[in-house]
file entry_23.cif (mmCIF, C-alpha atoms)
data_target
#
loop_
_atom_site.group_PDB
_atom_site.id
_atom_site.type_symbol
_atom_site.label_atom_id
_atom_site.label_comp_id
_atom_site.auth_asym_id
_atom_site.auth_seq_id
_atom_site.Cartn_x
_atom_site.Cartn_y
_atom_site.Cartn_z
ATOM 1 C CA MET A 1 -59.439 -56.374 42.000
ATOM 2 C CA GLY A 2 -57.778 -55.769 38.645
ATOM 3 C CA ILE A 3 -54.543 -56.640 36.916
ATOM 4 C CA ASP A 4 -52.347 -53.905 35.451
ATOM 5 C CA THR A 5 -53.064 -54.023 31.714
ATOM 6 C CA SER A 6 -49.576 -52.754 30.912
ATOM 7 C CA VAL A 7 -48.058 -55.747 32.705
ATOM 8 C CA MET A 8 -50.171 -58.813 32.053
ATOM 9 C CA ARG A 9 -52.437 -60.312 29.402
ATOM 10 C CA VAL A 10 -54.680 -63.081 30.723
ATOM 11 C CA VAL A 11 -56.695 -65.651 28.762
ATOM 12 C CA LEU A 12 -59.758 -67.350 30.245
ATOM 13 C CA THR A 13 -60.520 -70.693 28.614
ATOM 14 C CA GLY A 14 -62.498 -73.859 29.250
ATOM 15 C CA GLY A 15 -64.398 -76.496 27.334
ATOM 16 C CA ILE A 16 -68.113 -76.507 26.637
ATOM 17 C CA GLY A 17 -70.157 -76.843 29.815
ATOM 18 C CA SER A 18 -67.229 -76.031 32.091
ATOM 19 C CA GLY A 19 -68.703 -72.735 33.254
ATOM 20 C CA LYS A 20 -66.101 -70.527 31.572
ATOM 21 C CA SER A 21 -68.709 -67.966 30.533
ATOM 22 C CA PHE A 22 -70.051 -67.909 34.088
ATOM 23 C CA VAL A 23 -66.578 -67.019 35.355
ATOM 24 C CA GLY A 24 -66.317 -64.385 32.624
ATOM 25 C CA ARG A 25 -69.535 -62.777 33.871
ATOM 26 C CA MET A 26 -68.180 -62.821 37.421
ATOM 27 C CA LEU A 27 -65.050 -61.009 36.284
ATOM 28 C CA ARG A 28 -67.123 -58.394 34.470
ATOM 29 C CA ALA A 29 -69.239 -57.905 37.600
ATOM 30 C CA LYS A 30 -65.975 -57.128 39.406
ATOM 31 C CA GLY A 31 -65.250 -54.378 36.898
ATOM 32 C CA ILE A 32 -62.801 -56.327 34.716
ATOM 33 C CA ASP A 33 -63.247 -55.877 30.966
ATOM 34 C CA VAL A 34 -63.124 -59.297 29.295
ATOM 35 C CA TYR A 35 -62.937 -59.593 25.504
ATOM 36 C CA ASP A 36 -65.322 -62.341 24.333
ATOM 37 C CA CYS A 37 -63.842 -64.051 21.263
ATOM 38 C CA ASP A 38 -67.069 -65.798 20.267
ATOM 39 C CA ALA A 39 -69.114 -62.622 20.403
ATOM 40 C CA ALA A 40 -66.390 -60.688 18.589
ATOM 41 C CA ALA A 41 -66.189 -63.264 15.776
ATOM 42 C CA LYS A 42 -69.948 -63.041 15.210
ATOM 43 C CA ARG A 43 -69.841 -59.242 15.294
ATOM 44 C CA LEU A 44 -66.923 -58.984 12.884
ATOM 45 C CA MET A 45 -68.403 -61.483 10.414
ATOM 46 C CA SER A 46 -71.614 -59.444 10.416
ATOM 47 C CA THR A 47 -70.046 -55.967 10.190
ATOM 48 C CA SER A 48 -66.562 -56.079 8.662
ATOM 49 C CA GLU A 49 -66.631 -55.633 4.886
ATOM 50 C CA ALA A 50 -63.014 -56.809 4.599
ATOM 51 C CA LEU A 51 -63.796 -60.001 6.490
ATOM 52 C CA GLN A 52 -66.975 -60.560 4.495
ATOM 53 C CA ARG A 53 -64.974 -60.354 1.256
ATOM 54 C CA GLN A 54 -62.706 -63.117 2.570
ATOM 55 C CA LEU A 55 -65.730 -65.193 3.571
ATOM 56 C CA ARG A 56 -67.149 -64.846 0.054
ATOM 57 C CA ARG A 57 -63.891 -66.063 -1.448
ATOM 58 C CA LEU A 58 -63.768 -69.002 0.955
ATOM 59 C CA ILE A 59 -67.405 -70.084 1.085
ATOM 60 C CA GLY A 60 -69.232 -68.414 -1.780
ATOM 61 C CA GLU A 61 -70.994 -65.197 -2.714
ATOM 62 C CA ASN A 62 -74.219 -66.271 -1.010
ATOM 63 C CA VAL A 63 -72.611 -66.302 2.455
ATOM 64 C CA VAL A 64 -73.557 -62.618 2.692
ATOM 65 C CA GLU A 65 -76.777 -61.421 1.077
ATOM 66 C CA GLN A 66 -77.781 -57.746 1.176
ATOM 67 C CA GLY A 67 -75.261 -57.195 3.933
ATOM 68 C CA VAL A 68 -76.689 -59.987 6.109
ATOM 69 C CA LEU A 69 -74.513 -62.941 7.122
ATOM 70 C CA ARG A 70 -76.076 -66.301 6.194
ATOM 71 C CA LYS A 71 -75.424 -68.507 9.206
ATOM 72 C CA ASP A 72 -77.067 -71.470 7.467
ATOM 73 C CA VAL A 73 -74.556 -71.219 4.623
ATOM 74 C CA ILE A 74 -71.663 -71.160 7.098
ATOM 75 C CA ALA A 75 -73.123 -74.162 8.924
ATOM 76 C CA ALA A 76 -73.418 -76.105 5.649
ATOM 77 C CA PHE A 77 -69.796 -75.228 4.789
ATOM 78 C CA LEU A 78 -68.582 -76.506 8.165
ATOM 79 C CA LEU A 79 -70.512 -79.751 7.767
ATOM 80 C CA SER A 80 -69.259 -80.390 4.241
ATOM 81 C CA GLY A 81 -65.662 -81.214 5.197
ATOM 82 C CA ASP A 82 -63.546 -81.887 8.269
ATOM 83 C CA VAL A 83 -60.920 -79.313 7.258
ATOM 84 C CA ASN A 84 -63.407 -76.509 6.711
ATOM 85 C CA ARG A 85 -63.543 -75.450 10.357
ATOM 86 C CA GLN A 86 -59.811 -74.728 10.347
ATOM 87 C CA ARG A 87 -60.119 -72.975 6.976
ATOM 88 C CA LEU A 88 -62.789 -70.724 8.465
ATOM 89 C CA ASN A 89 -60.693 -70.143 11.593
ATOM 90 C CA ASP A 90 -57.743 -69.130 9.403
ATOM 91 C CA VAL A 91 -59.904 -66.359 7.961
ATOM 92 C CA VAL A 92 -61.754 -65.209 11.075
ATOM 93 C CA HIS A 93 -59.108 -65.548 13.796
ATOM 94 C CA PRO A 94 -56.624 -62.987 12.426
ATOM 95 C CA ALA A 95 -59.448 -60.419 12.382
ATOM 96 C CA VAL A 96 -60.436 -61.310 15.950
ATOM 97 C CA ALA A 97 -56.828 -61.156 17.145
ATOM 98 C CA GLU A 98 -56.361 -57.741 15.546
ATOM 99 C CA ASP A 99 -59.635 -56.499 17.051
ATOM 100 C CA PHE A 100 -58.591 -57.725 20.498
ATOM 101 C CA MET A 101 -55.209 -56.040 20.288
ATOM 102 C CA ALA A 102 -56.934 -52.793 19.335
ATOM 103 C CA SER A 103 -59.463 -53.094 22.168
ATOM 104 C CA GLY A 104 -57.028 -52.200 24.938
ATOM 105 C CA MET A 105 -58.373 -55.039 27.080
ATOM 106 C CA SER A 106 -56.019 -57.320 28.988
ATOM 107 C CA TRP A 107 -58.441 -60.253 29.514
ATOM 108 C CA LEU A 108 -59.550 -62.499 26.664
ATOM 109 C CA GLU A 109 -62.207 -65.232 26.869
ATOM 110 C CA SER A 110 -61.820 -68.065 24.357
ATOM 111 C CA ALA A 111 -63.348 -71.539 24.607
ATOM 112 C CA ILE A 112 -60.946 -73.060 22.083
ATOM 113 C CA PHE A 113 -57.809 -71.019 22.734
ATOM 114 C CA PHE A 114 -55.550 -74.064 22.393
ATOM 115 C CA ASP A 115 -57.756 -76.259 20.179
ATOM 116 C CA SER A 116 -57.931 -73.756 17.352
ATOM 117 C CA GLY A 117 -54.336 -72.524 17.469
ATOM 118 C CA PHE A 118 -55.459 -69.084 18.644
ATOM 119 C CA ASP A 119 -52.657 -69.279 21.229
ATOM 120 C CA ARG A 120 -50.243 -68.767 18.317
ATOM 121 C CA ARG A 121 -51.952 -65.515 17.341
ATOM 122 C CA VAL A 122 -52.270 -63.859 20.752
ATOM 123 C CA ARG A 123 -49.474 -63.894 23.318
ATOM 124 C CA ALA A 124 -50.783 -64.690 26.784
ATOM 125 C CA ASP A 125 -48.830 -63.986 29.956
ATOM 126 C CA ARG A 126 -51.175 -66.220 31.936
ATOM 127 C CA VAL A 127 -53.883 -68.700 30.968
ATOM 128 C CA VAL A 128 -56.692 -69.456 33.414
ATOM 129 C CA GLY A 129 -58.616 -72.655 32.723
ATOM 130 C CA VAL A 130 -62.063 -73.580 34.003
ATOM 131 C CA THR A 131 -62.777 -77.285 34.528
ATOM 132 C CA SER A 132 -65.783 -79.236 35.730
ATOM 133 C CA PRO A 133 -66.705 -82.919 36.238
ATOM 134 C CA LEU A 134 -68.009 -84.633 33.105
ATOM 135 C CA ASP A 135 -71.465 -85.342 34.507
ATOM 136 C CA VAL A 136 -71.875 -81.693 35.514
ATOM 137 C CA ARG A 137 -70.809 -80.521 32.061
ATOM 138 C CA VAL A 138 -73.238 -82.889 30.366
ATOM 139 C CA ARG A 139 -76.088 -81.764 32.602
ATOM 140 C CA ARG A 140 -75.363 -78.083 31.951
ATOM 141 C CA ILE A 141 -75.256 -78.561 28.181
ATOM 142 C CA MET A 142 -78.494 -80.573 28.197
ATOM 143 C CA ARG A 143 -80.249 -77.883 30.223
ATOM 144 C CA ARG A 144 -78.843 -74.986 28.201
ATOM 145 C CA ASP A 145 -79.246 -76.378 24.678
ATOM 146 C CA GLY A 146 -82.056 -78.882 25.076
ATOM 147 C CA VAL A 147 -80.015 -81.815 23.717
ATOM 148 C CA THR A 148 -79.581 -85.407 24.845
ATOM 149 C CA ALA A 149 -76.745 -86.634 27.020
ATOM 150 C CA GLU A 150 -75.341 -88.443 23.981
ATOM 151 C CA VAL A 151 -75.162 -85.238 21.947
ATOM 152 C CA ALA A 152 -73.694 -83.281 24.856
ATOM 153 C CA THR A 153 -71.012 -85.917 25.344
ATOM 154 C CA ARG A 154 -70.178 -85.885 21.640
ATOM 155 C CA TRP A 155 -69.710 -82.104 21.743
ATOM 156 C CA ILE A 156 -67.407 -82.435 24.747
ATOM 157 C CA ASP A 157 -65.390 -85.188 23.057
ATOM 158 C CA ALA A 158 -64.893 -82.994 19.980
ATOM 159 C CA GLN A 159 -62.866 -80.521 22.050
ATOM 160 C CA MET A 160 -59.475 -80.825 23.699
ATOM 161 C CA ALA A 161 -59.464 -83.229 26.643
ATOM 162 C CA GLN A 162 -60.016 -81.306 29.853
ATOM 163 C CA GLU A 163 -56.925 -82.858 31.472
ATOM 164 C CA GLU A 164 -54.717 -81.633 28.623
ATOM 165 C CA LEU A 165 -56.260 -78.170 28.755
ATOM 166 C CA ALA A 166 -55.673 -77.935 32.516
ATOM 167 C CA ALA A 167 -52.053 -79.041 32.100
ATOM 168 C CA ARG A 168 -51.440 -76.155 29.698
ATOM 169 C CA CYS A 169 -52.935 -73.504 31.988
ATOM 170 C CA ASP A 170 -51.161 -71.458 34.636
ATOM 171 C CA TYR A 171 -54.155 -71.449 36.963
ATOM 172 C CA VAL A 172 -57.176 -73.773 37.080
ATOM 173 C CA LEU A 173 -60.608 -73.033 38.530
ATOM 174 C CA HIS A 174 -62.702 -76.095 39.412
ATOM 175 C CA ASN A 175 -66.355 -75.264 38.851
ATOM 176 C CA ASP A 176 -68.359 -78.251 40.121
ATOM 177 C CA ASP A 177 -71.565 -76.521 41.352
ATOM 178 C CA ASP A 178 -70.464 -77.065 44.962
ATOM 179 C CA THR A 179 -67.360 -74.867 45.064
ATOM 180 C CA ASP A 180 -67.699 -71.237 46.167
ATOM 181 C CA MET A 181 -66.761 -69.702 42.811
ATOM 182 C CA GLU A 182 -66.799 -66.167 44.187
ATOM 183 C CA ALA A 183 -64.031 -67.101 46.609
ATOM 184 C CA SER A 184 -62.197 -69.139 43.957
ATOM 185 C CA VAL A 185 -62.181 -66.239 41.508
ATOM 186 C CA ASP A 186 -60.953 -63.844 44.198
ATOM 187 C CA ASP A 187 -58.155 -66.300 45.064
ATOM 188 C CA MET A 188 -57.225 -66.518 41.393
ATOM 189 C CA LEU A 189 -57.067 -62.749 41.031
ATOM 190 C CA ARG A 190 -54.861 -62.474 44.116
ATOM 191 C CA ALA A 191 -52.574 -65.197 42.745
ATOM 192 C CA LEU A 192 -52.255 -63.420 39.408
ATOM 193 C CA GLN A 193 -51.602 -60.082 41.095
ATOM 194 C CA GLY A 194 -49.043 -61.718 43.348
ATOM 195 C CA SER A 195 -47.198 -63.192 40.390
ATOM 196 C CA VAL A 196 -46.821 -59.693 38.929
ATOM 197 C CA VAL A 197 -45.482 -58.323 42.212
ATOM 198 C CA ARG A 198 -43.056 -61.239 42.657
ATOM 199 C CA GLY A 199 -41.527 -61.415 39.269
ATOM 200 C CA GLY A 200 -43.248 -59.750 36.353
ATOM 201 C CA THR A 201 -44.528 -62.186 33.736
ATOM 202 C CA ASP A 202 -41.812 -64.796 33.815
ATOM 203 C CA GLY A 203 -43.889 -67.553 35.380
ATOM 204 C CA MET A 204 -45.869 -68.445 38.453
#
call {"tool": "encode", "arguments": {"input": "entry_23.cif", "output": "structure tokens"}}
result
Amino acid sequence: MGIDTSVMRVVLTGGIGSGKSFVGRMLRAKGIDVYDCDAAAKRLMSTSEALQRQLRRLIGENVVEQGVLRKDVIAAFLLSGDVNRQRLNDVVHPAVAEDFMASGMSWLESAIFFDSGFDRRVRADRVVGVTSPLDVRVRRIMRRDGVTAEVATRWIDAQMAQEELAARCDYVLHNDDDTDMEASVDDMLRALQGSVVRGGTDGM
């Protein structure tokens, strides 16, 4: 069940541990191409000479050595100042936005679509948010990354509050490990398709 790419651009977002990537994989299994912003950013930083030149100017010449991106240098840059994450985003996000627009895809997956200001770079006709109870998110992060509950909670707290994210979305999927997500995703796709049939992209 797809959405006409000439009619609607849809963003899939959700905080760490919400299960956003799980929903993204479900959409891909249904034959929907979903542009992964995180994967694209890593790919572009590793392959784009133009972007690497900007990274050298921002971080230093040693951020790329013999054509290889130094992730440890980027990590040290991010840890050295609170404003550095936004400075890095200001370099990387325009390249990601341009790459997405050139991809021809109508679905975009971004964990920090609102947090990072990426919503000002890419126009979305609909935003689908994935939410999950705090204890479920913490448990997922602990299992996935091998960290303590304290660390997992700190990572969650560093992102936009889930309630605010949900309030800014057009459709919300609740992924609590008990809900039938297959049915929920199908319902969401029908709702999005129905909104196109009813009235274009002027609201749901």
call {"tool": "residues_around", "arguments": {"input": "entry_23.cif", "residues": "Ser18 (chain A)", "least_positions_apart": "2", "cutoff": "9 Å", "atoms": "only C-alpha atoms", "output": "JSON, numbers by chain"}}
result
{"A": [14, 15, 16, 20, 21, 22, 130, 131, 132, 133, 134, 136, 137, 140, 174, 175, 176]}
call {"tool": "residues_near_point", "arguments": {"input": "entry_23.cif", "point": "(-53.2, -63.4, 35.5)", "cutoff": "9 Å", "atoms": "all atoms listed in the file", "output": "PDB file with C-alpha atoms, keeping the file's coordinate frame"}}
result
ATOM      1  CA  ILE A   3     -54.543 -56.640  36.916  1.00  0.00           C
ATOM      2  CA  MET A   8     -50.171 -58.813  32.053  1.00  0.00           C
ATOM      3  CA  ARG A   9     -52.437 -60.312  29.402  1.00  0.00           C
ATOM      4  CA  VAL A  10     -54.680 -63.081  30.723  1.00  0.00           C
ATOM      5  CA  VAL A  11     -56.695 -65.651  28.762  1.00  0.00           C
ATOM      6  CA  TRP A 107     -58.441 -60.253  29.514  1.00  0.00           C
ATOM      7  CA  ASP A 125     -48.830 -63.986  29.956  1.00  0.00           C
ATOM      8  CA  ARG A 126     -51.175 -66.220  31.936  1.00  0.00           C
ATOM      9  CA  VAL A 127     -53.883 -68.700  30.968  1.00  0.00           C
ATOM     10  CA  VAL A 128     -56.692 -69.456  33.414  1.00  0.00           C
ATOM     11  CA  ASP A 170     -51.161 -71.458  34.636  1.00  0.00           C
ATOM     12  CA  TYR A 171     -54.155 -71.449  36.963  1.00  0.00           C
ATOM     13  CA  MET A 188     -57.225 -66.518  41.393  1.00  0.00           C
ATOM     14  CA  LEU A 189     -57.067 -62.749  41.031  1.00  0.00           C
ATOM     15  CA  ARG A 190     -54.861 -62.474  44.116  1.00  0.00           C
ATOM     16  CA  ALA A 191     -52.574 -65.197  42.745  1.00  0.00           C
ATOM     17  CA  LEU A 192     -52.255 -63.420  39.408  1.00  0.00           C
ATOM     18  CA  GLN A 193     -51.602 -60.082  41.095  1.00  0.00           C
ATOM     19  CA  SER A 195     -47.198 -63.192  40.390  1.00  0.00           C
ATOM     20  CA  VAL A 196     -46.821 -59.693  38.929  1.00  0.00           C
ATOM     21  CA  THR A 201     -44.528 -62.186  33.736  1.00  0.00           C
TER      22      THR A 201
END
call {"tool": "atom_distance", "arguments": {"input": "entry_23.cif", "atom1": "CA of Asp90 (chain A)", "atom2": "CA of Arg120 (chain A)"}}
result
11.7 Å
call {"tool": "axis_aligned_box", "arguments": {"input": "entry_23.cif", "around": "region 8-14 of chain A", "padding_each_side": "5 Å", "output": "JSON"}}
result
{"center_x": -56.3, "center_y": -66.3, "center_z": 30.3, "size_x": 22.3, "size_y": 25.0, "size_z": 13.4}
call {"tool": "atom_distance", "arguments": {"input": "entry_23.cif", "atom1": "CA of Gly104 (chain A)", "atom2": "CA of Val23 (chain A)"}}
result
20.5 Å
